[in-house]
file data02.cif (mmCIF, C-alpha atoms and all ligand atoms)
data_upload
loop_
_atom_site.label_atom_id
_atom_site.label_comp_id
_atom_site.auth_asym_id
_atom_site.auth_seq_id
_atom_site.Cartn_x
_atom_site.Cartn_y
_atom_site.Cartn_z
CA MET A 554 -17.68 -71.59 45.43
CA ARG A 555 -15.65 -72.99 42.55
CA ASN A 556 -15.13 -71.64 39.05
CA SER A 557 -15.04 -73.72 35.90
CA THR A 558 -11.49 -74.93 36.58
CA ASN A 559 -12.73 -76.09 39.97
CA SER A 560 -10.34 -73.99 41.93
CA PRO A 561 -11.41 -70.77 43.59
CA GLN A 562 -9.77 -67.55 42.68
CA ILE A 563 -7.16 -66.33 45.12
CA ALA A 564 -5.88 -62.82 44.50
CA VAL A 565 -3.28 -60.61 46.11
CA ALA A 566 -4.66 -57.11 46.71
CA PRO A 567 -3.35 -53.95 45.09
CA MET A 568 -1.20 -52.21 47.71
CA MET A 569 0.52 -48.90 47.08
CA ASP A 570 4.25 -48.99 47.64
CA TRP A 571 4.08 -52.72 48.33
CA THR A 572 2.87 -54.76 45.33
CA ASP A 573 5.41 -53.48 42.84
CA ARG A 574 6.90 -55.73 40.19
CA HIS A 575 9.65 -57.03 42.49
CA CYS A 576 7.10 -57.98 45.10
CA ARG A 577 4.93 -59.68 42.52
CA TYR A 578 7.86 -61.66 41.12
CA PHE A 579 8.53 -62.94 44.63
CA MET A 580 4.87 -63.72 45.32
CA ARG A 581 4.55 -65.62 42.08
CA LEU A 582 7.14 -68.10 43.35
CA LEU A 583 4.94 -68.63 46.39
CA SER A 584 1.78 -69.12 44.40
CA PRO A 585 1.69 -70.16 40.76
CA SER A 586 -2.02 -69.46 40.39
CA ALA A 587 -2.89 -66.37 42.45
CA LEU A 588 -3.98 -63.32 40.48
CA LEU A 589 -1.58 -60.51 41.40
CA TYR A 590 -2.70 -56.88 41.38
CA THR A 591 -0.36 -53.95 40.83
CA GLU A 592 -0.27 -50.93 43.06
CA MET A 593 -2.81 -48.35 41.96
CA VAL A 594 -1.50 -46.30 39.05
CA THR A 595 -3.39 -43.16 38.11
CA ALA A 596 -4.46 -42.80 34.52
CA ALA A 597 -3.10 -39.25 34.64
CA ALA A 598 0.36 -40.49 35.68
CA ILE A 599 0.42 -42.84 32.70
CA HIS A 600 -0.72 -40.06 30.42
CA HIS A 601 1.65 -37.35 31.62
CA GLY A 602 4.57 -39.38 32.93
CA ASP A 603 6.92 -42.14 31.97
CA ALA A 604 4.30 -44.78 31.12
CA ASP A 605 6.86 -47.55 30.89
CA ARG A 606 7.97 -46.96 34.45
CA PHE A 607 4.41 -47.52 35.65
CA LEU A 608 3.42 -50.33 33.33
CA ARG A 609 6.37 -52.63 32.74
CA PHE A 610 6.35 -55.97 34.49
CA ASN A 611 8.10 -59.34 34.32
CA GLU A 612 6.57 -62.02 32.12
CA GLU A 613 6.79 -64.42 35.07
CA GLU A 614 4.19 -62.34 36.94
CA HIS A 615 1.18 -63.53 34.92
CA LEU A 616 -1.64 -63.60 35.86
CA VAL A 617 -1.31 -59.92 36.66
CA ALA A 618 -3.95 -57.20 36.87
CA LEU A 619 -3.32 -53.48 36.56
CA GLN A 620 -5.26 -51.28 38.94
CA LEU A 621 -6.08 -47.85 37.59
CA GLY A 622 -7.23 -44.79 39.46
CA GLY A 623 -9.09 -41.99 37.75
CA SER A 624 -12.43 -40.60 36.73
CA ASP A 625 -11.80 -39.11 33.30
CA PRO A 626 -13.16 -41.56 30.73
CA SER A 627 -10.73 -40.57 27.99
CA LEU A 628 -7.67 -40.86 30.26
CA MET A 629 -8.94 -44.15 31.66
CA ALA A 630 -9.50 -45.40 28.11
CA SER A 631 -6.04 -44.48 26.91
CA ALA A 632 -4.43 -46.01 30.02
CA THR A 633 -6.41 -49.18 29.33
CA ALA A 634 -5.24 -49.27 25.73
CA GLN A 635 -1.65 -49.08 26.92
CA ALA A 636 -2.23 -51.70 29.61
CA HIS A 637 -3.64 -53.97 26.93
CA THR A 638 -0.52 -53.53 24.82
CA TYR A 639 1.68 -54.36 27.79
CA GLY A 640 -0.23 -57.60 28.22
CA TYR A 641 -2.04 -57.20 31.53
CA ASP A 642 -4.55 -59.97 32.14
CA GLU A 643 -7.15 -57.72 33.76
CA ILE A 644 -7.65 -54.01 34.24
CA ASN A 645 -9.25 -52.90 37.47
CA ILE A 646 -10.80 -49.59 38.52
CA ASN A 647 -10.08 -48.37 42.04
CA VAL A 648 -13.32 -47.36 43.77
CA GLY A 649 -12.03 -48.16 47.22
CA CYS A 650 -9.17 -45.89 48.16
CA PRO A 651 -10.16 -43.27 50.76
CA SER A 652 -7.06 -41.05 50.90
CA ASP A 653 -7.42 -37.26 50.71
CA LYS A 654 -5.09 -37.11 47.76
CA VAL A 655 -7.29 -39.50 45.88
CA GLN A 656 -10.52 -37.72 46.82
CA SER A 657 -9.24 -34.38 45.58
CA GLY A 658 -8.50 -36.07 42.27
CA GLN A 659 -12.11 -37.32 42.29
CA PHE A 660 -11.44 -41.00 42.23
CA GLY A 661 -11.17 -43.88 44.63
CA ALA A 662 -13.89 -44.60 47.16
CA CYS A 663 -15.68 -41.26 46.72
CA LEU A 664 -16.72 -42.48 43.27
CA MET A 665 -19.16 -44.91 44.89
CA ALA A 666 -21.40 -41.86 45.15
CA LYS A 667 -20.95 -41.15 41.43
CA PRO A 668 -21.80 -44.41 39.69
CA ALA A 669 -22.58 -42.68 36.38
CA ILE A 670 -18.99 -41.41 36.17
CA VAL A 671 -17.58 -44.86 36.92
CA ALA A 672 -19.92 -46.38 34.33
CA ASP A 673 -18.73 -43.86 31.72
CA CYS A 674 -15.13 -44.76 32.49
CA TYR A 675 -16.02 -48.43 32.37
CA ARG A 676 -17.59 -48.21 28.91
CA ALA A 677 -14.67 -46.21 27.57
CA MET A 678 -12.19 -48.73 28.95
CA LEU A 679 -14.09 -51.75 27.67
CA ALA A 680 -13.85 -50.36 24.16
CA GLU A 681 -10.04 -50.58 24.39
CA THR A 682 -9.52 -54.17 25.46
CA ASP A 683 -10.93 -57.66 25.31
CA ARG A 684 -9.46 -58.46 28.73
CA PRO A 685 -11.73 -58.33 31.76
CA VAL A 686 -12.27 -54.84 33.15
CA THR A 687 -13.24 -55.12 36.81
CA VAL A 688 -14.12 -52.87 39.72
CA LYS A 689 -12.76 -52.92 43.27
CA THR A 690 -15.09 -51.21 45.65
CA ARG A 691 -16.09 -50.87 49.29
CA ILE A 692 -19.49 -51.88 50.71
CA GLY A 693 -20.41 -48.23 51.32
CA ILE A 694 -19.11 -44.77 52.14
CA ASP A 695 -19.85 -42.60 55.17
CA ASP A 696 -23.59 -42.71 55.90
CA GLN A 697 -24.32 -44.33 52.55
CA ASP A 698 -23.86 -47.65 54.17
CA SER A 699 -26.70 -49.94 53.13
CA TYR A 700 -27.07 -52.99 50.97
CA ASP A 701 -29.25 -51.01 48.55
CA PHE A 702 -26.54 -48.39 48.07
CA LEU A 703 -24.02 -51.11 47.19
CA LYS A 704 -26.51 -52.88 44.96
CA ASP A 705 -27.40 -49.72 43.03
CA PHE A 706 -23.73 -48.96 42.51
CA VAL A 707 -23.10 -52.48 41.24
CA LEU A 708 -26.13 -52.44 38.97
CA SER A 709 -25.04 -49.27 37.24
CA LEU A 710 -21.73 -50.96 36.46
CA VAL A 711 -23.48 -54.13 35.35
CA ALA A 712 -25.45 -52.02 32.87
CA ALA A 713 -22.09 -50.80 31.52
CA GLY A 714 -20.94 -54.39 31.08
CA CYS A 715 -19.05 -55.21 34.30
CA ARG A 716 -19.23 -58.82 35.44
CA LYS A 717 -16.59 -58.98 38.16
CA PHE A 718 -16.46 -57.02 41.38
CA ILE A 719 -13.92 -57.17 44.17
CA VAL A 720 -15.57 -55.95 47.32
CA HIS A 721 -13.60 -54.79 50.35
CA ALA A 722 -16.14 -55.74 52.98
CA ARG A 723 -16.03 -52.56 55.05
CA LYS A 724 -17.24 -49.07 54.31
CA ALA A 725 -14.87 -46.16 53.76
CA VAL A 726 -15.08 -43.13 56.02
CA LEU A 727 -14.02 -40.29 53.76
CA ASP A 728 -13.68 -37.64 56.40
CA GLY A 729 -11.82 -38.19 59.62
CA LEU A 730 -10.09 -41.54 59.14
CA SER A 731 -6.68 -42.06 57.60
CA PRO A 732 -6.30 -44.68 54.86
CA LYS A 733 -4.71 -46.97 57.43
CA GLU A 734 -7.57 -46.51 59.91
CA ASN A 735 -9.99 -47.10 57.05
CA ARG A 736 -8.57 -50.60 56.76
CA SER A 737 -9.34 -51.56 60.31
CA ILE A 738 -11.85 -49.29 62.06
CA PRO A 739 -15.01 -49.67 59.95
CA PRO A 740 -16.26 -53.15 60.82
CA LEU A 741 -16.14 -55.99 58.33
CA ASN A 742 -19.51 -57.01 56.95
CA TYR A 743 -19.09 -60.18 54.91
CA GLU A 744 -22.82 -60.84 54.92
CA ARG A 745 -23.46 -57.82 52.67
CA VAL A 746 -21.05 -59.24 50.10
CA TYR A 747 -22.58 -62.70 50.36
CA ARG A 748 -25.99 -61.19 49.74
CA LEU A 749 -24.74 -59.52 46.59
CA LYS A 750 -23.60 -62.90 45.29
CA ARG A 751 -26.90 -64.52 46.30
CA ASP A 752 -28.91 -61.84 44.52
CA PHE A 753 -26.70 -61.78 41.42
CA PRO A 754 -25.29 -65.28 41.03
CA GLU A 755 -24.20 -64.57 37.46
CA LEU A 756 -21.68 -61.97 38.68
CA GLU A 757 -18.18 -62.91 39.78
CA ILE A 758 -17.78 -61.63 43.32
CA VAL A 759 -14.42 -61.62 45.07
CA LEU A 760 -14.40 -60.76 48.77
CA ASN A 761 -11.57 -58.78 50.36
CA GLY A 762 -10.82 -57.70 53.90
CA GLY A 763 -9.44 -59.43 56.97
CA LEU A 764 -8.70 -62.77 55.32
CA ASP A 765 -5.78 -63.88 57.41
CA ASP A 766 -6.13 -67.62 57.79
CA LEU A 767 -7.13 -70.65 55.80
CA ALA A 768 -10.31 -71.31 57.74
CA ARG A 769 -11.63 -67.82 57.00
CA VAL A 770 -10.76 -68.12 53.34
CA ASP A 771 -12.50 -71.50 53.17
CA GLU A 772 -15.58 -70.10 54.87
CA VAL A 773 -15.79 -67.10 52.56
CA LEU A 774 -15.42 -69.29 49.50
CA GLU A 775 -18.61 -71.10 50.52
CA HIS A 776 -20.38 -67.89 49.56
CA VAL A 777 -18.44 -66.06 46.87
CA ASP A 778 -16.21 -66.83 43.88
CA GLY A 779 -12.87 -65.57 45.09
CA ALA A 780 -10.82 -64.29 47.99
CA MET A 781 -8.46 -61.33 47.79
CA ILE A 782 -5.72 -61.19 50.38
CA GLY A 783 -3.87 -57.99 51.26
CA ARG A 784 -1.81 -57.45 54.39
CA GLN A 785 -1.53 -61.10 55.37
CA ALA A 786 0.04 -61.91 52.00
CA TYR A 787 2.57 -59.13 52.45
CA HIS A 788 3.51 -59.61 56.07
CA HIS A 789 3.38 -63.41 55.95
CA PRO A 790 4.04 -64.24 52.31
CA TYR A 791 4.37 -67.96 52.95
CA PHE A 792 0.61 -67.89 53.57
CA LEU A 793 0.30 -67.74 49.80
CA ALA A 794 2.13 -71.05 49.46
CA GLU A 795 -0.16 -72.58 52.09
CA LEU A 796 -3.21 -71.36 50.20
CA GLU A 797 -1.85 -72.63 46.90
CA GLN A 798 -1.25 -76.06 48.33
CA HIS A 799 -4.63 -76.12 50.04
CA PHE A 800 -6.47 -75.50 46.80
CA ASN A 801 -4.03 -77.28 44.54
CA PRO A 802 -2.82 -80.31 46.56
CA ALA A 803 -0.78 -81.67 43.65
CA TRP A 804 1.51 -78.66 43.94
CA GLU A 805 4.67 -79.31 45.95
CA PRO A 806 5.36 -76.14 47.93
CA PRO A 807 8.97 -74.97 47.85
CA THR A 808 10.53 -74.41 51.26
CA ARG A 809 11.28 -70.86 52.30
CA SER A 810 14.97 -71.38 51.63
CA GLU A 811 14.18 -72.74 48.16
CA ILE A 812 12.23 -69.57 47.49
CA VAL A 813 15.26 -67.52 48.49
CA LEU A 814 17.47 -69.52 46.11
CA ARG A 815 14.97 -69.05 43.29
CA MET A 816 15.05 -65.31 43.86
CA LEU A 817 18.81 -65.07 43.44
CA PRO A 818 19.04 -64.93 39.60
CA TYR A 819 16.28 -62.32 39.53
CA ILE A 820 17.98 -60.25 42.19
CA GLU A 821 21.24 -60.49 40.34
CA SER A 822 19.66 -59.15 37.18
CA VAL A 823 17.95 -56.30 39.06
CA VAL A 824 21.16 -55.27 40.79
CA ARG A 825 23.10 -55.52 37.53
CA LYS A 826 20.70 -52.98 36.04
CA GLY A 827 21.63 -50.59 38.84
CA GLU A 828 18.69 -50.92 41.18
CA PRO A 829 19.49 -51.17 44.89
CA LEU A 830 19.17 -54.63 46.39
CA GLY A 831 16.82 -53.35 49.08
CA ARG A 832 14.11 -52.62 46.52
CA VAL A 833 13.65 -56.36 46.17
CA THR A 834 14.59 -57.65 49.60
CA ARG A 835 12.23 -55.29 51.49
CA HIS A 836 9.37 -57.44 50.21
CA MET A 837 11.00 -60.60 51.49
CA LEU A 838 11.41 -59.60 55.14
CA GLY A 839 8.31 -61.52 56.23
CA LEU A 840 9.25 -64.76 54.49
CA TYR A 841 10.26 -66.54 57.70
CA SER A 842 7.69 -64.90 59.96
CA GLY A 843 6.52 -67.30 62.63
CA GLN A 844 9.56 -69.51 62.05
CA PRO A 845 12.69 -69.92 64.16
CA GLY A 846 15.25 -67.37 63.04
CA ALA A 847 12.71 -64.93 61.61
CA ARG A 848 14.12 -62.03 63.56
CA ALA A 849 17.73 -62.76 62.56
CA TRP A 850 16.64 -62.96 58.91
CA ARG A 851 14.94 -59.58 59.04
CA ARG A 852 17.74 -57.99 61.00
CA TYR A 853 20.51 -59.23 58.73
CA ILE A 854 18.77 -58.05 55.59
CA SER A 855 17.79 -54.70 57.09
CA GLN A 856 21.36 -54.06 58.15
CA HIS A 857 23.07 -55.18 54.95
CA ALA A 858 20.81 -54.72 51.93
CA HIS A 859 21.42 -50.98 51.69
CA LEU A 860 25.22 -51.17 51.86
CA ALA A 861 27.20 -50.18 48.78
CA GLY A 862 27.79 -53.09 46.44
CA ALA A 863 25.23 -55.33 48.21
CA GLY A 864 24.08 -58.20 46.02
CA PRO A 865 22.46 -61.62 46.21
CA GLU A 866 25.07 -62.90 48.68
CA VAL A 867 23.30 -60.86 51.37
CA LEU A 868 20.42 -63.33 51.24
CA LEU A 869 22.66 -66.35 51.57
CA ASN A 870 24.45 -64.73 54.48
CA ALA A 871 21.09 -63.91 56.04
CA ILE A 872 20.13 -67.58 55.94
CA ALA A 873 23.49 -68.49 57.44
CA ALA A 874 22.92 -65.92 60.20
CA MET A 875 19.71 -67.61 61.29
CA PRO A 876 20.14 -69.64 64.46
CA ALA A 877 18.04 -72.57 63.32
CA ALA A 878 18.22 -74.26 59.94
CA ALA A 879 15.26 -72.91 58.00
C1 LIG B 901 -0.01 -50.48 52.21
C2 LIG B 901 -1.38 -50.63 51.55
C3 LIG B 901 -1.61 -50.01 50.35
C4 LIG B 901 -2.85 -50.16 49.69
N1 LIG B 901 -3.04 -49.60 48.45
C5 LIG B 901 -4.17 -49.87 47.77
C6 LIG B 901 -4.32 -49.49 46.41
O1 LIG B 901 -3.42 -48.95 45.78
N2 LIG B 901 -5.51 -49.76 45.79
C7 LIG B 901 -6.54 -50.40 46.44
O2 LIG B 901 -7.58 -50.66 45.84
N3 LIG B 901 -6.41 -50.79 47.72
C8 LIG B 901 -5.26 -50.56 48.39
N4 LIG B 901 -5.11 -51.04 49.66
C9 LIG B 901 -6.20 -51.80 50.29
C10 LIG B 901 -6.03 -53.30 50.00
O3 LIG B 901 -6.11 -53.56 48.61
C11 LIG B 901 -7.13 -54.11 50.72
O4 LIG B 901 -8.37 -53.70 50.20
C12 LIG B 901 -7.11 -53.89 52.22
O5 LIG B 901 -5.81 -53.96 52.75
C13 LIG B 901 -8.00 -54.93 52.93
O6 LIG B 901 -7.52 -56.24 52.69
P1 LIG B 901 -6.68 -57.04 53.83
O7 LIG B 901 -7.49 -56.99 55.10
O8 LIG B 901 -6.55 -58.43 53.29
O9 LIG B 901 -5.37 -56.33 53.98
C14 LIG B 901 -3.88 -50.90 50.31
C15 LIG B 901 -3.63 -51.54 51.54
C16 LIG B 901 -2.38 -51.41 52.15
C17 LIG B 901 -2.13 -52.13 53.46
#

call {"tool": "encode", "arguments": {"input": "data02.cif", "output": "structure tokens", "more": "lines below"}}
Ligand SMILES: Cc1cc2nc3c(=O)[nH]c(=O)nc-3n(C[C@H](O)[C@H](O)[C@H](O)COP(=O)(O)O)c2cc1C
result
Amino acid sequence: MRNSTNSPQIAVAPMMDWTDRHCRYFMRLLSPSALLYTEMVTAAAIHHGDADRFLRFNEEEHLVALQLGGSDPSLMASATAQAHTYGYDEININVGCPSDKVQSGQFGACLMAKPAIVADCYRAMLAETDRPVTVKTRIGIDDQDSYDFLKDFVLSLVAAGCRKFIVHARKAVLDGLSPKENRSIPPLNYERVYRLKRDFPELEIVLNGGLDDLARVDEVLEHVDGAMIGRQAYHHPYFLAELEQHFNPAWEPPTRSEIVLRMLPYIESVVRKGEPLGRVTRHMLGLYSGQPGARAWRRYISQHAHLAGAGPEVLLNAIAAMPAAA
């Protein structure tokens, strides 16, 4: 399903500890048009902590969406106001994370059972920005695992003004499964997401979960407006370049080595500011996955990026250490 610019929306999922600003800078080189989500940031952390640390990003990252976690409308509103000032292109509410920490803070997936609270947050946030405010949710939680449950949740957000939903197409099990297990054990149910789009064609529906090859993405886009990719984009980042070229054939994909060269000035500036090299290179370990030399690339970087004084030359040496020209 195509939007008005005739290209479907491809997004990279919010992933804690993974999709930080260094990762997003790297991913942007692999895909000029994907919408990149931040890690989840709690509204409370922005309120009580060093907001700039959580919110700053590189201009090159656009289009970039901030994902917020929380359930207090006034905190969510003030975090949204700050996100607006920083220039985020979208602000997203996390109604999908199942971790214990998140549940005790009363946000994440458990909020699917409290749509009125999410709607209150939504209204308060919408008053602070003219950018899209969106919701990322699961298809259900625990035994509340029916189409009607999902539909009622969505409708309460629609009444608050929400027009875009990202749906991770598996339920969350709040008790008994770890966050990691919650990403693989509950079965995927794309049909429930397709039905939502069929019943509410005016809504923008982005499907997430298990999209790990082009054929699947193509198939899903027959039914919904967008595809959000998580783990595959992180572990095999060149997949993003393949997607970009697939949907935007005029785009000439850079080779993996060209990507590395384009990262060097950025890395140099990060290291000059005193950040360890490894904070950037850890996101690049999968760049050559599936290619000859992938293991040598990973090994060289893992062994050298943390050494004192390590800088961009580590990447050039890593390429040189690969047995086959990449
Ligand atoms: C390491 C990791 C961290 C994640 N952190 C978040 C998060 O902060 N917010 C969120 O909504 N989902 C989070 N997720 C879930 C992903 O956004 C996505 O919904 C899930 O991985 C399914 O998509 P995939 O099969 O394409 O990976 C995380 C996933 C991973 C692997």

call {"tool": "residues_around", "arguments": {"input": "data02.cif", "residues": "range 588-602 of chain A", "least_positions_apart": "5", "cutoff": "7 Å", "atoms": "all atoms listed in the file", "output": "ChimeraX atom specification"}}
result
/A:563-570,572-573,577,607,616-623,628-629,632

call {"tool": "write_last_selection", "arguments": {"input": "data02.cif", "atoms": "C-alpha atoms", "output": "compact mmCIF listing (two decimals), keeping the file's coordinate frame"}}
result
# COMPACT_ATOMS: atom_id res chain seq x y z
CA ILE A 563 -7.16 -66.33 45.12
CA ALA A 564 -5.88 -62.82 44.50
CA VAL A 565 -3.28 -60.61 46.11
CA ALA A 566 -4.66 -57.11 46.71
CA PRO A 567 -3.35 -53.95 45.09
CA MET A 568 -1.20 -52.21 47.71
CA MET A 569 0.52 -48.90 47.08
CA ASP A 570 4.25 -48.99 47.64
CA THR A 572 2.87 -54.76 45.33
CA ASP A 573 5.41 -53.48 42.84
CA ARG A 577 4.93 -59.68 42.52
CA PHE A 607 4.41 -47.52 35.65
CA LEU A 616 -1.64 -63.60 35.86
CA VAL A 617 -1.31 -59.92 36.66
CA ALA A 618 -3.95 -57.20 36.87
CA LEU A 619 -3.32 -53.48 36.56
CA GLN A 620 -5.26 -51.28 38.94
CA LEU A 621 -6.08 -47.85 37.59
CA GLY A 622 -7.23 -44.79 39.46
CA GLY A 623 -9.09 -41.99 37.75
CA LEU A 628 -7.67 -40.86 30.26
CA MET A 629 -8.94 -44.15 31.66
CA ALA A 632 -4.43 -46.01 30.02

call {"tool": "residues_around", "arguments": {"input": "data02.cif", "residues": "His776 in chain A", "least_positions_apart": "2", "cutoff": "9 Å", "atoms": "only C-alpha atoms", "output": "list in words"}}
result
Met554, Val746, Tyr747, Arg748, Lys750, Arg751, Glu772, Val773, Leu774 and Asp778 of chain A

call {"tool": "closest_atom_pairs", "arguments": {"input": "data02.cif", "of": "chain A", "to": "ligand LIG 901 (chain B)", "cutoff": "10 Å", "atoms": "only C-alpha atoms and all ligand atoms", "output": "Markdown table"}}
result
| residue | atom | partner | partner_atom | distance |
| --- | --- | --- | --- | --- |
| A:Ala564 | CA | B:LIG901 | O8 | 9.8 |
| A:Val565 | CA | B:LIG901 | O3 | 8.0 |
| A:Ala566 | CA | B:LIG901 | O3 | 4.3 |
| A:Pro567 | CA | B:LIG901 | O3 | 4.5 |
| A:Met568 | CA | B:LIG901 | N1 | 3.3 |
| A:Met569 | CA | B:LIG901 | N1 | 3.9 |
| A:Asp570 | CA | B:LIG901 | C1 | 6.4 |
| A:Trp571 | CA | B:LIG901 | C1 | 6.1 |
| A:Thr572 | CA | B:LIG901 | C3 | 8.2 |
| A:Tyr590 | CA | B:LIG901 | O3 | 8.7 |
| A:Thr591 | CA | B:LIG901 | O1 | 7.7 |
| A:Glu592 | CA | B:LIG901 | O1 | 4.6 |
| A:Met593 | CA | B:LIG901 | O1 | 3.9 |
| A:Val594 | CA | B:LIG901 | O1 | 7.5 |
| A:Thr595 | CA | B:LIG901 | O1 | 9.6 |
| A:Gln620 | CA | B:LIG901 | N2 | 7.0 |
| A:Leu621 | CA | B:LIG901 | N2 | 8.4 |
| A:Gly622 | CA | B:LIG901 | N2 | 8.2 |
| A:Asn645 | CA | B:LIG901 | O2 | 8.8 |
| A:Ile646 | CA | B:LIG901 | O2 | 8.1 |
| A:Asn647 | CA | B:LIG901 | O2 | 5.1 |
| A:Val648 | CA | B:LIG901 | O2 | 6.9 |
| A:Gly649 | CA | B:LIG901 | O2 | 5.3 |
| A:Cys650 | CA | B:LIG901 | C7 | 5.5 |
| A:Pro651 | CA | B:LIG901 | N3 | 8.9 |
| A:Ser652 | CA | B:LIG901 | N1 | 9.8 |
| A:Gly661 | CA | B:LIG901 | O2 | 7.8 |
| A:Ala662 | CA | B:LIG901 | O2 | 8.8 |
| A:Val688 | CA | B:LIG901 | O2 | 9.2 |
| A:Lys689 | CA | B:LIG901 | O2 | 6.2 |
| A:Thr690 | CA | B:LIG901 | O2 | 7.5 |
| A:Arg691 | CA | B:LIG901 | O4 | 8.3 |
| A:Ile719 | CA | B:LIG901 | O4 | 8.9 |
| A:Val720 | CA | B:LIG901 | O4 | 8.1 |
| A:His721 | CA | B:LIG901 | O4 | 5.3 |
| A:Ala722 | CA | B:LIG901 | C13 | 8.2 |
| A:Arg723 | CA | B:LIG901 | C13 | 8.6 |
| A:Pro732 | CA | B:LIG901 | C15 | 8.1 |
| A:Lys733 | CA | B:LIG901 | C17 | 7.0 |
| A:Asn735 | CA | B:LIG901 | C12 | 8.8 |
| A:Arg736 | CA | B:LIG901 | C12 | 5.8 |
| A:Ser737 | CA | B:LIG901 | O7 | 7.7 |
| A:Leu741 | CA | B:LIG901 | O7 | 9.3 |
| A:Leu760 | CA | B:LIG901 | O6 | 9.1 |
| A:Asn761 | CA | B:LIG901 | O6 | 5.3 |
| A:Gly762 | CA | B:LIG901 | O7 | 3.6 |
| A:Gly763 | CA | B:LIG901 | O7 | 3.6 |
| A:Leu764 | CA | B:LIG901 | O8 | 5.3 |
| A:Asp765 | CA | B:LIG901 | O8 | 6.9 |
| A:Ala780 | CA | B:LIG901 | O8 | 9.0 |
| A:Met781 | CA | B:LIG901 | O8 | 6.5 |
| A:Ile782 | CA | B:LIG901 | O8 | 4.1 |
| A:Gly783 | CA | B:LIG901 | O8 | 3.4 |
| A:Arg784 | CA | B:LIG901 | O9 | 3.8 |
| A:Gln785 | CA | B:LIG901 | O8 | 6.1 |
| A:Ala786 | CA | B:LIG901 | O8 | 7.6 |
| A:Tyr787 | CA | B:LIG901 | C17 | 8.5 |
| A:His788 | CA | B:LIG901 | O9 | 9.7 |

call {"tool": "residues_around", "arguments": {"input": "data02.cif", "residues": "range 811-828 of chain A", "least_positions_apart": "5", "cutoff": "7 Å", "atoms": "all atoms listed in the file", "output": "ChimeraX atom specification"}}
result
/A:579,582,864-865

call {"tool": "atom_distance", "arguments": {"input": "data02.cif", "atom1": "CA of Asp701 in chain A", "atom2": "CA of Pro561 in chain A"}}
result
27.1 Å

call {"tool": "closest_residue", "arguments": {"input": "data02.cif", "among": "A:Thr682, A:Ser855, A:Ser810, A:Ser709", "to": "Ala669 in chain A", "atoms": "only C-alpha atoms"}}
result
A:Ser709

call {"tool": "atom_distance", "arguments": {"input": "data02.cif", "atom1": "CA of Gln697 in chain A", "atom2": "CA of Gly729 in chain A"}}
result
15.6 Å

call {"tool": "closest_residue", "arguments": {"input": "data02.cif", "among": "A:Leu796, A:Ala677, A:Ala861, A:Val707", "to": "Arg769 in chain A", "atoms": "only C-alpha atoms"}}
result
A:Leu796

call {"tool": "atom_distance", "arguments": {"input": "data02.cif", "atom1": "CA of Pro668 in chain A", "atom2": "CA of Thr633 in chain A"}}
result
19.2 Å

call {"tool": "closest_residue", "arguments": {"input": "data02.cif", "among": "A:Asn611, A:Ser624, A:Thr834, A:Ser560", "to": "Val867 in chain A", "atoms": "all atoms listed in the file"}}
result
A:Thr834

call {"tool": "closest_residue", "arguments": {"input": "data02.cif", "among": "A:Arg684, A:Arg809, A:Arg606, A:Arg716", "to": "Met580 in chain A", "atoms": "all atoms listed in the file"}}
result
A:Arg809

call {"tool": "closest_residue", "arguments": {"input": "data02.cif", "among": "A:Glu612, A:Glu755, A:Asp705, A:Asp771", "to": "Ile692 in chain A", "atoms": "all atoms listed in the file"}}
result
A:Asp705

call {"tool": "residues_around", "arguments": {"input": "data02.cif", "residues": "range 711-714 of chain A", "least_positions_apart": "5", "cutoff": "7 Å", "atoms": "all atoms listed in the file", "output": "PyMOL selection string"}}
result
chain A and resi 672+675-676

call {"tool": "build_atoms", "arguments": {"input": "data02.cif", "residues": "range 626-634 of chain A", "atoms": "N, CA and C atoms", "output": "mmCIF file, in the frame of the given file"}}
result
data_model
loop_
_atom_site.group_PDB
_atom_site.id
_atom_site.type_symbol
_atom_site.label_atom_id
_atom_site.label_comp_id
_atom_site.auth_asym_id
_atom_site.auth_seq_id
_atom_site.Cartn_x
_atom_site.Cartn_y
_atom_site.Cartn_z
ATOM 1 N N PRO A 626 -13.013 -40.406 31.632
ATOM 2 C CA PRO A 626 -13.160 -41.560 30.730
ATOM 3 C C PRO A 626 -12.088 -41.617 29.643
ATOM 4 N N SER A 627 -11.694 -40.464 29.092
ATOM 5 C CA SER A 627 -10.730 -40.570 27.990
ATOM 6 C C SER A 627 -9.347 -40.952 28.508
ATOM 7 N N LEU A 628 -8.960 -40.444 29.681
ATOM 8 C CA LEU A 628 -7.670 -40.860 30.260
ATOM 9 C C LEU A 628 -7.699 -42.326 30.671
ATOM 10 N N MET A 629 -8.831 -42.741 31.237
ATOM 11 C CA MET A 629 -8.940 -44.150 31.660
ATOM 12 C C MET A 629 -8.894 -45.065 30.430
ATOM 13 N N ALA A 630 -9.509 -44.590 29.335
ATOM 14 C CA ALA A 630 -9.500 -45.400 28.110
ATOM 15 C C ALA A 630 -8.087 -45.504 27.551
ATOM 16 N N SER A 631 -7.365 -44.382 27.527
ATOM 17 C CA SER A 631 -6.040 -44.480 26.910
ATOM 18 C C SER A 631 -5.087 -45.270 27.792
ATOM 19 N N ALA A 632 -5.253 -45.177 29.129
ATOM 20 C CA ALA A 632 -4.430 -46.010 30.020
ATOM 21 C C ALA A 632 -4.748 -47.489 29.800
ATOM 22 N N THR A 633 -6.011 -47.787 29.570
ATOM 23 C CA THR A 633 -6.410 -49.180 29.330
ATOM 24 C C THR A 633 -5.808 -49.693 28.021
ATOM 25 N N ALA A 634 -5.821 -48.846 27.014
ATOM 26 C CA ALA A 634 -5.240 -49.270 25.730
ATOM 27 C C ALA A 634 -3.758 -49.601 25.916
#
